[in-house]
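Asks: For reference, the file data21.txt (compact mmCIF, C-alpha atoms and all ligand atoms) is included below:
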```txt
# COMPACT_ATOMS: atom_id res chain seq x y z
CA MET A 1 -16.06 11.53 -5.93
CA ASN A 2 -14.84 13.89 -8.65
CA LYS A 3 -13.53 13.42 -12.16
CA PRO A 4 -11.56 11.69 -13.48
CA PHE A 5 -11.79 9.00 -10.77
CA CYS A 6 -15.60 8.71 -10.70
CA ASP A 7 -15.56 7.79 -14.42
CA TRP A 8 -13.31 4.78 -13.93
CA PHE A 9 -15.60 2.65 -11.73
CA SER A 10 -17.22 -0.42 -13.25
CA ARG A 11 -19.93 -0.74 -10.58
CA PRO A 12 -21.59 1.47 -7.95
CA PRO A 13 -20.21 1.48 -4.40
CA ALA A 14 -22.04 -0.28 -1.55
CA HIS A 15 -22.45 3.20 -0.12
CA CYS A 16 -21.11 6.71 -0.55
CA HIS A 17 -20.55 9.15 2.29
CA ASP A 18 -19.23 12.71 1.96
CA GLY A 19 -18.10 11.97 -1.61
CA VAL A 20 -16.14 8.88 -0.54
CA TYR A 21 -17.00 5.52 -2.16
CA TYR A 22 -17.11 2.46 0.12
CA PHE A 23 -17.06 -1.04 -1.43
CA ASP A 24 -17.45 -3.07 1.81
CA SER A 25 -14.04 -4.76 1.54
CA ASP A 26 -13.14 -4.96 5.25
CA ARG A 27 -12.83 -8.76 5.10
CA ASP A 28 -9.58 -8.26 3.10
CA ALA A 29 -8.24 -5.44 5.32
CA ASP A 30 -5.98 -5.39 8.36
CA CYS A 31 -8.04 -5.70 11.55
CA PHE A 32 -7.75 -2.16 12.90
CA ASP A 33 -9.78 -1.10 15.92
CA GLU A 34 -10.40 1.87 18.19
CA SER A 35 -6.96 1.56 19.81
CA ASP A 36 -5.38 2.11 16.37
CA VAL A 37 -7.67 5.06 15.74
CA GLU A 38 -6.53 6.58 19.04
CA ILE A 39 -2.89 6.36 17.93
CA TRP A 40 -3.68 7.81 14.49
CA ARG A 41 -5.59 10.72 16.08
CA ASP A 42 -2.83 11.25 18.60
CA GLY A 43 -0.53 12.66 15.91
CA ARG A 44 0.38 9.58 13.85
CA MET A 45 -1.60 10.59 10.75
CA LYS A 46 -0.31 14.15 10.95
CA ARG A 47 3.29 12.93 11.26
CA ASN A 48 2.83 10.54 8.36
CA PHE A 49 1.23 13.21 6.19
CA HIS A 50 4.13 15.60 6.74
CA SER A 51 6.98 13.09 6.83
CA ASN A 52 10.12 13.48 4.69
CA PHE A 53 10.70 9.71 4.76
CA PHE A 54 10.15 9.10 1.03
CA LEU A 55 11.59 12.41 -0.13
CA ASP A 56 14.89 11.86 1.71
CA ASN A 57 15.54 8.31 0.45
CA PRO A 58 16.97 8.41 -3.12
CA ALA A 59 15.13 5.25 -4.23
CA SER A 60 11.65 6.42 -3.18
CA ARG A 61 12.46 9.98 -4.26
CA ARG A 62 12.99 8.66 -7.78
CA LEU A 63 9.49 7.16 -7.71
CA VAL A 64 7.89 10.36 -6.42
CA ASP A 65 9.79 12.50 -8.98
CA HIS A 66 8.68 10.16 -11.78
CA ILE A 67 5.02 10.36 -10.68
CA VAL A 68 5.15 14.15 -10.55
CA GLY A 69 7.04 14.28 -13.87
CA GLN A 70 4.36 12.16 -15.61
CA GLY A 71 1.67 14.44 -14.19
CA VAL A 72 -1.12 11.87 -14.60
CA PRO A 73 -3.72 11.01 -11.90
CA VAL A 74 -2.42 8.36 -9.52
CA VAL A 75 -4.21 5.82 -7.31
CA GLU A 76 -2.50 4.88 -4.03
CA ILE A 77 -3.37 1.27 -3.09
CA ALA A 78 -3.49 -0.22 0.43
CA CYS A 79 -2.69 3.28 1.65
CA GLY A 80 -2.91 2.36 5.35
CA PRO A 81 -2.36 4.98 8.05
CA GLY A 82 0.75 6.28 6.24
CA MET A 83 -0.93 6.92 2.86
CA GLY A 84 2.14 5.56 1.08
CA LEU A 85 3.74 7.85 -1.49
CA THR A 86 0.76 10.21 -1.80
CA PRO A 87 1.74 12.80 0.84
CA SER A 88 5.18 13.12 -0.82
CA VAL A 89 3.57 13.60 -4.24
CA LYS A 90 1.33 16.32 -2.79
CA ARG A 91 4.33 18.00 -1.17
CA LEU A 92 6.11 18.31 -4.53
CA ALA A 93 2.99 19.06 -6.57
CA SER A 94 0.03 20.13 -4.43
CA GLY A 95 -2.39 20.09 -7.37
CA HIS A 96 -1.53 16.55 -8.51
CA LEU A 97 -4.72 14.43 -8.81
CA CYS A 98 -4.54 11.60 -6.25
CA LEU A 99 -6.94 8.93 -5.03
CA ALA A 100 -5.91 7.17 -1.80
CA THR A 101 -7.52 3.75 -1.26
CA ASP A 102 -7.50 0.89 1.25
CA ALA A 103 -9.62 -2.19 1.96
CA SER A 104 -10.29 -0.84 5.47
CA ALA A 105 -13.26 1.51 5.92
CA LEU A 106 -11.75 2.69 9.22
CA VAL A 107 -8.52 3.82 7.53
CA ILE A 108 -10.44 5.71 4.85
CA LYS A 109 -12.89 7.29 7.33
CA GLU A 110 -10.03 8.44 9.54
CA TRP A 111 -8.12 9.95 6.60
CA LYS A 112 -11.28 11.78 5.56
CA ARG A 113 -11.72 13.14 9.09
CA TYR A 114 -8.02 14.08 9.40
CA LEU A 115 -7.89 15.86 6.02
CA ASP A 116 -11.15 17.75 6.56
CA GLU A 117 -10.10 18.94 9.99
CA ASN A 118 -6.41 19.61 9.47
CA GLU A 119 -5.38 20.20 5.87
CA THR A 120 -6.38 22.50 3.02
CA VAL A 121 -5.04 20.12 0.38
CA GLY A 122 -7.17 19.74 -2.79
CA ASN A 123 -7.35 17.07 -5.49
CA LEU A 124 -6.99 14.28 -2.95
CA GLU A 125 -9.90 11.81 -3.06
CA LEU A 126 -10.50 8.71 -0.95
CA ALA A 127 -12.13 5.32 -1.61
CA GLN A 128 -12.43 1.95 0.12
CA PHE A 129 -11.85 -1.13 -2.01
CA SER A 130 -9.82 -4.33 -2.07
CA LEU A 131 -6.97 -5.14 -4.40
CA MET A 132 -8.51 -8.59 -4.70
CA ASP A 133 -11.40 -7.10 -6.68
CA ILE A 134 -10.61 -3.59 -7.93
CA PRO A 135 -13.86 -1.87 -8.94
CA PHE A 136 -12.34 -0.11 -11.99
CA ARG A 137 -12.98 -0.93 -15.64
CA ASP A 138 -10.20 -2.60 -17.68
CA ASN A 139 -7.44 -0.33 -19.06
CA THR A 140 -8.50 2.88 -17.28
CA VAL A 141 -5.95 3.83 -14.60
CA PRO A 142 -2.83 5.78 -15.73
CA ALA A 143 -0.80 5.06 -12.58
CA TYR A 144 -0.86 3.25 -9.22
CA SER A 145 1.46 3.94 -6.31
CA SER A 146 2.07 1.81 -3.26
CA TYR A 147 4.24 1.37 -0.21
CA ILE A 148 4.22 -2.32 0.79
CA GLY A 149 0.64 -2.52 -0.50
CA ILE A 150 0.98 -5.76 -2.43
CA SER A 151 3.12 -7.31 0.33
CA SER A 152 0.27 -6.54 2.74
CA THR A 153 -2.40 -8.62 1.00
CA ARG A 154 -3.62 -11.85 2.61
CA ASN A 155 -3.53 -15.39 1.17
CA GLY A 156 0.23 -15.49 0.60
CA GLU A 157 1.37 -16.03 -2.98
CA GLU A 158 -2.18 -16.34 -4.29
CA GLY A 159 -3.02 -12.92 -2.80
CA HIS A 160 0.02 -11.31 -4.41
CA GLU A 161 -0.83 -12.83 -7.78
CA GLN A 162 -4.48 -11.79 -7.59
CA ALA A 163 -3.53 -8.19 -6.62
CA LEU A 164 -1.06 -7.95 -9.50
CA ARG A 165 -3.63 -9.36 -11.94
CA GLU A 166 -6.15 -6.74 -10.82
CA ILE A 167 -3.63 -3.88 -11.03
CA TYR A 168 -2.51 -4.99 -14.49
CA ARG A 169 -6.09 -5.44 -15.74
CA THR A 170 -7.18 -1.95 -14.66
CA LEU A 171 -4.02 -0.07 -15.73
CA MET A 172 -4.18 1.55 -19.15
CA LYS A 173 -1.61 0.45 -21.73
CA ASN A 174 1.74 2.11 -20.88
CA GLY A 175 0.37 2.86 -17.40
CA PHE A 176 2.73 2.78 -14.41
CA LEU A 177 2.93 0.94 -11.12
CA TYR A 178 5.25 2.67 -8.64
CA THR A 179 5.80 0.41 -5.67
CA ILE A 180 8.09 -0.42 -2.79
CA GLU A 181 7.78 -4.04 -1.69
CA THR A 182 9.42 -6.04 1.10
CA THR A 183 11.16 -9.41 1.24
CA TRP A 184 11.83 -11.35 4.45
CA THR A 185 15.36 -12.69 4.57
CA ASP A 186 14.69 -15.35 7.21
CA THR A 187 11.15 -16.72 7.34
CA GLU A 188 12.34 -19.54 9.65
CA ALA A 189 13.17 -16.88 12.30
CA MET A 190 9.68 -15.42 11.87
CA LEU A 191 8.05 -18.82 12.24
CA ARG A 192 10.09 -19.34 15.45
CA VAL A 193 8.67 -16.07 16.86
CA PHE A 194 5.13 -17.17 15.98
CA ARG A 195 5.76 -20.60 17.54
CA GLU A 196 7.27 -19.21 20.75
CA THR A 197 4.46 -16.67 21.21
CA GLY A 198 1.74 -19.21 20.41
CA LYS A 199 0.40 -17.10 17.54
CA THR A 200 -0.79 -18.35 14.14
CA PRO A 201 1.75 -17.58 11.38
CA TRP A 202 0.67 -15.17 8.64
CA SER A 203 -0.96 -17.05 5.79
CA GLY A 204 1.52 -18.31 3.22
CA LEU A 205 4.53 -17.68 5.47
CA ASP A 206 5.38 -21.37 5.88
CA SER A 207 5.68 -21.78 2.12
CA ASP A 208 7.66 -18.53 1.72
CA GLN A 209 11.08 -20.22 1.46
CA CYS A 210 10.53 -21.08 -2.19
CA ALA A 211 8.56 -17.93 -3.01
CA PRO A 212 9.42 -16.04 -6.19
CA THR A 213 11.20 -12.69 -5.96
CA TRP A 214 9.26 -9.47 -6.57
CA ARG A 215 11.10 -9.12 -9.90
CA GLU A 216 9.77 -12.55 -10.92
CA ARG A 217 6.27 -11.74 -9.71
CA PHE A 218 6.17 -8.49 -11.71
CA LEU A 219 7.52 -10.13 -14.86
CA ASN A 220 5.06 -13.04 -14.50
CA ALA A 221 2.21 -10.52 -14.24
CA GLY A 222 3.29 -8.97 -17.56
CA PHE A 223 5.03 -5.80 -16.38
CA GLU A 224 8.15 -4.29 -17.87
CA ILE A 225 10.61 -3.32 -15.11
CA LEU A 226 11.89 0.21 -15.77
CA SER A 227 13.86 0.41 -12.53
CA GLU A 228 14.59 -1.67 -9.44
CA GLU A 229 16.52 -0.14 -6.57
CA MET A 230 17.26 -1.02 -2.93
CA PHE A 231 15.12 1.15 -0.64
CA GLU A 232 16.19 -0.16 2.77
CA SER A 233 17.60 -3.21 4.49
CA ARG A 234 17.11 -3.60 8.23
CA THR A 235 15.94 -5.67 11.19
CA PHE A 236 12.25 -5.83 12.07
CA THR A 237 11.58 -4.00 15.39
CA SER A 238 8.87 -3.11 17.90
CA ASP A 239 8.24 0.07 15.87
CA ASP A 240 6.85 -2.13 13.07
CA ASN A 241 4.22 -4.22 14.82
CA GLU A 242 3.56 -6.90 17.45
CA LEU A 243 5.71 -9.44 15.61
CA GLY A 244 8.69 -7.06 15.70
CA GLU A 245 8.06 -6.42 19.37
CA ALA A 246 7.95 -10.15 20.17
CA ALA A 247 11.10 -10.76 18.10
CA GLU A 248 12.95 -8.06 20.05
CA GLN A 249 11.84 -9.52 23.37
CA LEU A 250 12.90 -13.02 22.31
CA GLY A 251 16.21 -11.76 20.93
CA ILE A 252 15.40 -13.18 17.48
CA GLU A 253 16.58 -11.11 14.50
CA ILE A 254 14.17 -10.86 11.59
CA GLY A 255 15.82 -9.38 8.53
CA VAL A 256 13.81 -7.54 5.91
CA PHE A 257 14.71 -5.55 2.83
CA SER A 258 12.58 -3.43 0.50
CA LYS A 259 13.10 -2.47 -3.12
CA ALA A 260 11.57 0.40 -5.07
CA TYR A 261 10.19 -0.37 -8.53
CA ILE A 262 8.96 1.59 -11.51
CA LEU A 263 6.89 -0.81 -13.62
CA LYS A 264 5.07 -0.34 -16.87
CA LYS A 265 2.14 -2.21 -18.38
CA VAL A 266 3.18 -3.12 -21.91
C1 LIG B 301 1.16 -2.12 6.56
S1 LIG B 301 -0.09 -1.17 5.74
C2 LIG B 301 0.77 -0.79 4.29
C3 LIG B 301 1.55 0.48 4.50
C4 LIG B 301 0.79 1.68 4.03
N1 LIG B 301 0.85 1.77 2.57
C5 LIG B 301 1.31 2.94 4.64
O1 LIG B 301 1.90 3.78 3.92
O2 LIG B 301 1.11 3.09 5.85
C6 LIG B 301 -1.17 -2.40 5.22
C7 LIG B 301 -2.50 -1.86 4.65
O3 LIG B 301 -2.87 -2.71 3.57
C8 LIG B 301 -4.27 -2.82 3.61
N2 LIG B 301 -4.65 -4.01 2.84
C9 LIG B 301 -4.38 -5.31 3.14
N3 LIG B 301 -4.90 -6.11 2.18
C10 LIG B 301 -5.52 -5.30 1.28
C11 LIG B 301 -6.24 -5.52 0.09
N4 LIG B 301 -6.49 -6.74 -0.36
N5 LIG B 301 -6.70 -4.46 -0.60
C12 LIG B 301 -6.49 -3.19 -0.16
N6 LIG B 301 -5.82 -2.92 0.98
C13 LIG B 301 -5.34 -3.96 1.70
C14 LIG B 301 -4.60 -2.91 5.08
O4 LIG B 301 -5.96 -2.64 5.36
C15 LIG B 301 -3.63 -1.87 5.65
O5 LIG B 301 -4.23 -0.62 5.76
```
Have the structure of the file written as structure tokens, please.

Replies:
Amino acid sequence: MNKPFCDWFSRPPAHCHDGVYYFDSDRDADCFDESDVEIWRDGRMKRNFHSNFFLDNPASRRLVDHIVGQGVPVVEIACGPGMGLTPSVKRLASGHLCLATDASALVIKEWKRYLDENETVGNLELAQFSLMDIPFRDNTVPAYSSYIGISSTRNGEEGHEQALREIYRTLMKNGFLYTIETTWTDTEAMLRVFRETGKTPWSGLDSDQCAPTWRERFLNAGFEILSEEMFESRTFTSDDNELGEAAEQLGIEIGVFSKAYILKKV
């Protein structure tokens, strides 16, 4: 791990391999396995790394332009197999200092392997840690970026609140959070899909009807909202995950919209 990122940590990692810090946070991660790795290796990571998805959409483009314009090191959270906004940042400014992170060791290991074998990109570090317990000191990080990272945490509303507390705590004063987060428009339809397929609903989903909006969550966490813009509004499909696939098969429409935010710690 290189500077400046290595200076921000408040405790040593559980282990370090090839310059990547691992904080043993898999219990908080999505349960990926070898079948996911096969898909990622079969071109998915390459496609994601070279995708124009966030550069072509005006709302996400504004986030990426703002990150590049600020020029400060940025930490991608819950980067997943898409790496969120980071590939777009690197496309516009290849030297921009980026640290991509996820709670899953498998995701981080596979990104390390992919980057080493396929790309010549520099200033792109990797680390495994959970948003529930970010291993950075208070007031150190100039900027975080995320694509549905906070939405992806477990434990429903409590998980969202804990992630936002940790992001806010570790951001420096006037630091930025650039994020795109999703809202389900019909949780009753989702619960029907879970019921009809005999699967356990995602934690917190049954209490989602009275959940606060993302705007409310960000304000409650102490952020100033510099911009809030619709990113996309669509129906959940089999391209998303197993739930989308089941919904399609059952003919149940699950609506979802995402908004792009530029937030500042004041
Ligand atoms: C659907 S992906 C999010 C999309 C991703 N940003 C992308 O661009 O592909 C969900 C990711 O969030 C990660 N995740 C879930 N909870 C987390 C947590 N508490 N801390 C860090 N990462 C987490 C999962 O391991 C998974 O890789």

Asks: Between CA of Asn52 in chain A and CA of Ser94 in chain A, what is the distance in Å, rounded to a tenth?

Replies: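 A separation of 15.1 Å between them.
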
Asks: I want to know what sits within 8 Å of range 102-104 of chain A, based on all atoms listed in the file, with residues of the same chain fewer than 2 positions away left out; could you give that as number ranges by chain?

Replies: A: 24-30, 32, 77-80, 100, 106-108, 127-131

Asks: The selected residues should be written to file as a PDB file, keeping the file's coordinate frame (atoms: C-alpha atoms).

Replies:
```
ATOM      1  CA  ASP A  24     -17.450  -3.070   1.810  1.00  0.00           C
ATOM      2  CA  SER A  25     -14.040  -4.760   1.540  1.00  0.00           C
ATOM      3  CA  ASP A  26     -13.140  -4.960   5.250  1.00  0.00           C
ATOM      4  CA  ARG A  27     -12.830  -8.760   5.100  1.00  0.00           C
ATOM      5  CA  ASP A  28      -9.580  -8.260   3.100  1.00  0.00           C
ATOM      6  CA  ALA A  29      -8.240  -5.440   5.320  1.00  0.00           C
ATOM      7  CA  ASP A  30      -5.980  -5.390   8.360  1.00  0.00           C
ATOM      8  CA  PHE A  32      -7.750  -2.160  12.900  1.00  0.00           C
ATOM      9  CA  ILE A  77      -3.370   1.270  -3.090  1.00  0.00           C
ATOM     10  CA  ALA A  78      -3.490  -0.220   0.430  1.00  0.00           C
ATOM     11  CA  CYS A  79      -2.690   3.280   1.650  1.00  0.00           C
ATOM     12  CA  GLY A  80      -2.910   2.360   5.350  1.00  0.00           C
ATOM     13  CA  ALA A 100      -5.910   7.170  -1.800  1.00  0.00           C
ATOM     14  CA  LEU A 106     -11.750   2.690   9.220  1.00  0.00           C
ATOM     15  CA  VAL A 107      -8.520   3.820   7.530  1.00  0.00           C
ATOM     16  CA  ILE A 108     -10.440   5.710   4.850  1.00  0.00           C
ATOM     17  CA  ALA A 127     -12.130   5.320  -1.610  1.00  0.00           C
ATOM     18  CA  GLN A 128     -12.430   1.950   0.120  1.00  0.00           C
ATOM     19  CA  PHE A 129     -11.850  -1.130  -2.010  1.00  0.00           C
ATOM     20  CA  SER A 130      -9.820  -4.330  -2.070  1.00  0.00           C
ATOM     21  CA  LEU A 131      -6.970  -5.140  -4.400  1.00  0.00           C
TER      22      LEU A 131
END
```

Asks: Which residues of range 121-157 of chain A come within 6 Å of range 165-183 of chain A, and what is each one's closest atom pair and distance in Å (one decimal), counting all atoms listed in the file, sorted by chain and residue number, as JSON lines?

Replies:
```
{"residue": "A:Arg137", "atom": "CA", "partner": "A:Thr170", "partner_atom": "CA", "distance": 6.0}
{"residue": "A:Asp138", "atom": "CA", "partner": "A:Thr170", "partner_atom": "CA", "distance": 4.3}
{"residue": "A:Asn139", "atom": "CA", "partner": "A:Met172", "partner_atom": "CA", "distance": 3.8}
{"residue": "A:Thr140", "atom": "CA", "partner": "A:Met172", "partner_atom": "CA", "distance": 4.9}
{"residue": "A:Val141", "atom": "CA", "partner": "A:Leu171", "partner_atom": "CA", "distance": 4.5}
{"residue": "A:Pro142", "atom": "CA", "partner": "A:Gly175", "partner_atom": "CA", "distance": 4.6}
{"residue": "A:Ala143", "atom": "CA", "partner": "A:Phe176", "partner_atom": "CA", "distance": 4.6}
{"residue": "A:Tyr144", "atom": "CA", "partner": "A:Leu177", "partner_atom": "CA", "distance": 4.8}
{"residue": "A:Ser145", "atom": "CA", "partner": "A:Tyr178", "partner_atom": "CA", "distance": 4.6}
{"residue": "A:Ser146", "atom": "CA", "partner": "A:Thr179", "partner_atom": "CA", "distance": 4.7}
{"residue": "A:Tyr147", "atom": "CA", "partner": "A:Ile180", "partner_atom": "CA", "distance": 5.0}
{"residue": "A:Ile148", "atom": "CA", "partner": "A:Glu181", "partner_atom": "CA", "distance": 4.7}
```

Asks: Enter the distance from CA of Gln70 in chain A to CA of Leu263 in chain A, in Å, rounded to one decimal.

Replies: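 These atoms are spaced 13.4 Å apart.
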
Asks: Which is closest to Phe231 in chain A among A:Phe23, A:Phe194, A:Trp8, A:Phe257, if we use all atoms listed in the file?

Replies: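 Of all the options, A:Phe257 lies closest to Phe231 in chain A.
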
Asks: Closest to Asp18 in chain A among A:Glu224, A:Asp116, A:Asp206, A:Asp186, using only C-alpha atoms?

Replies: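 So, comparing all the options, the nearest one is A:Asp116.
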
Asks: Could you pull the residues within 12 Å of Glu245 in chain A, counting only C-alpha atoms, minus those fewer than 6 positions along the same chain, as a list in words?

Replies: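 Final neighbour list, sorted by chain and number: Met190, Val193, Phe194, Thr197, Thr235, Phe236, Thr237, Ser238, Asp239, Gly251, Ile252, Glu253 and Ile254 of chain A.
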
Asks: Could you state the separation of CA of Pro87 in chain A and CA of Phe49 in chain A in Å, given to one decimal place?

Replies: 5.4 Å

Asks: Of the candidates A:Glu229, A:Asp56, A:Glu76, A:Glu242, which one gets nearest to ligand LIG 301 (chain B) if we count only C-alpha atoms and all ligand atoms?

Replies: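 Of all the options, A:Glu76 lies closest to ligand LIG 301 (chain B).
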
Asks: Can you patch up range 236-262 of chain A, filling it in to N, CA and C atoms, and show the result as a tab-separated table (two decimals), in the frame of the given file?

Replies:
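Once everything was written out, this is part23.tsv:
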```tsv
chain	number	residue	atom	x	y	z
A	236	PHE	N	13.63	-6.12	11.67
A	236	PHE	CA	12.25	-5.83	12.07
A	236	PHE	C	12.24	-5.50	13.58
A	237	THR	N	11.54	-4.41	13.97
A	237	THR	CA	11.58	-4.00	15.39
A	237	THR	C	10.19	-3.77	15.96
A	238	SER	N	10.16	-3.38	17.23
A	238	SER	CA	8.87	-3.11	17.90
A	238	SER	C	8.16	-1.91	17.29
A	239	ASP	N	8.89	-1.06	16.54
A	239	ASP	CA	8.24	0.07	15.87
A	239	ASP	C	7.35	-0.41	14.73
A	240	ASP	N	7.62	-1.63	14.22
A	240	ASP	CA	6.85	-2.13	13.07
A	240	ASP	C	5.48	-2.65	13.49
A	241	ASN	N	5.49	-3.65	14.35
A	241	ASN	CA	4.22	-4.22	14.82
A	241	ASN	C	4.49	-5.21	15.95
A	242	GLU	N	3.44	-5.96	16.31
A	242	GLU	CA	3.56	-6.90	17.45
A	242	GLU	C	4.59	-7.98	17.20
A	243	LEU	N	4.73	-8.40	15.93
A	243	LEU	CA	5.71	-9.44	15.61
A	243	LEU	C	7.13	-8.91	15.88
A	244	GLY	N	7.38	-7.68	15.46
A	244	GLY	CA	8.69	-7.06	15.70
A	244	GLY	C	8.96	-6.93	17.19
A	245	GLU	N	7.92	-6.58	17.93
A	245	GLU	CA	8.06	-6.42	19.37
A	245	GLU	C	8.42	-7.76	20.02
A	246	ALA	N	7.70	-8.81	19.61
A	246	ALA	CA	7.95	-10.15	20.17
A	246	ALA	C	9.35	-10.62	19.79
A	247	ALA	N	9.76	-10.34	18.56
A	247	ALA	CA	11.10	-10.76	18.10
A	247	ALA	C	12.17	-10.07	18.94
A	248	GLU	N	11.98	-8.80	19.21
A	248	GLU	CA	12.95	-8.06	20.05
A	248	GLU	C	13.04	-8.68	21.43
A	249	GLN	N	11.86	-8.96	22.01
A	249	GLN	CA	11.84	-9.52	23.37
A	249	GLN	C	12.50	-10.89	23.42
A	250	LEU	N	12.32	-11.67	22.35
A	250	LEU	CA	12.90	-13.02	22.31
A	250	LEU	C	14.36	-13.02	21.85
A	251	GLY	N	14.84	-11.86	21.41
A	251	GLY	CA	16.21	-11.76	20.93
A	251	GLY	C	16.40	-12.45	19.58
A	252	ILE	N	15.32	-12.54	18.80
A	252	ILE	CA	15.40	-13.18	17.48
A	252	ILE	C	15.44	-12.08	16.41
A	253	GLU	N	16.46	-12.13	15.56
A	253	GLU	CA	16.58	-11.11	14.50
A	253	GLU	C	15.79	-11.51	13.27
A	254	ILE	N	14.91	-10.62	12.84
A	254	ILE	CA	14.17	-10.86	11.59
A	254	ILE	C	14.63	-9.83	10.57
A	255	GLY	N	15.30	-10.30	9.55
A	255	GLY	CA	15.82	-9.38	8.53
A	255	GLY	C	14.77	-9.12	7.46
A	256	VAL	N	14.75	-7.89	6.97
A	256	VAL	CA	13.81	-7.54	5.91
A	256	VAL	C	14.46	-6.49	5.01
A	257	PHE	N	14.26	-6.63	3.71
A	257	PHE	CA	14.71	-5.55	2.83
A	257	PHE	C	13.58	-5.16	1.89
A	258	SER	N	13.63	-3.92	1.42
A	258	SER	CA	12.58	-3.43	0.50
A	258	SER	C	13.25	-2.84	-0.72
A	259	LYS	N	12.61	-3.06	-1.87
A	259	LYS	CA	13.10	-2.47	-3.12
A	259	LYS	C	12.03	-1.59	-3.73
A	260	ALA	N	12.49	-0.54	-4.41
A	260	ALA	CA	11.57	0.40	-5.07
A	260	ALA	C	11.55	0.09	-6.56
A	261	TYR	N	10.34	0.01	-7.12
A	261	TYR	CA	10.19	-0.37	-8.53
A	261	TYR	C	9.39	0.66	-9.31
A	262	ILE	N	9.82	0.91	-10.54
A	262	ILE	CA	8.96	1.59	-11.51
A	262	ILE	C	8.64	0.56	-12.58
```
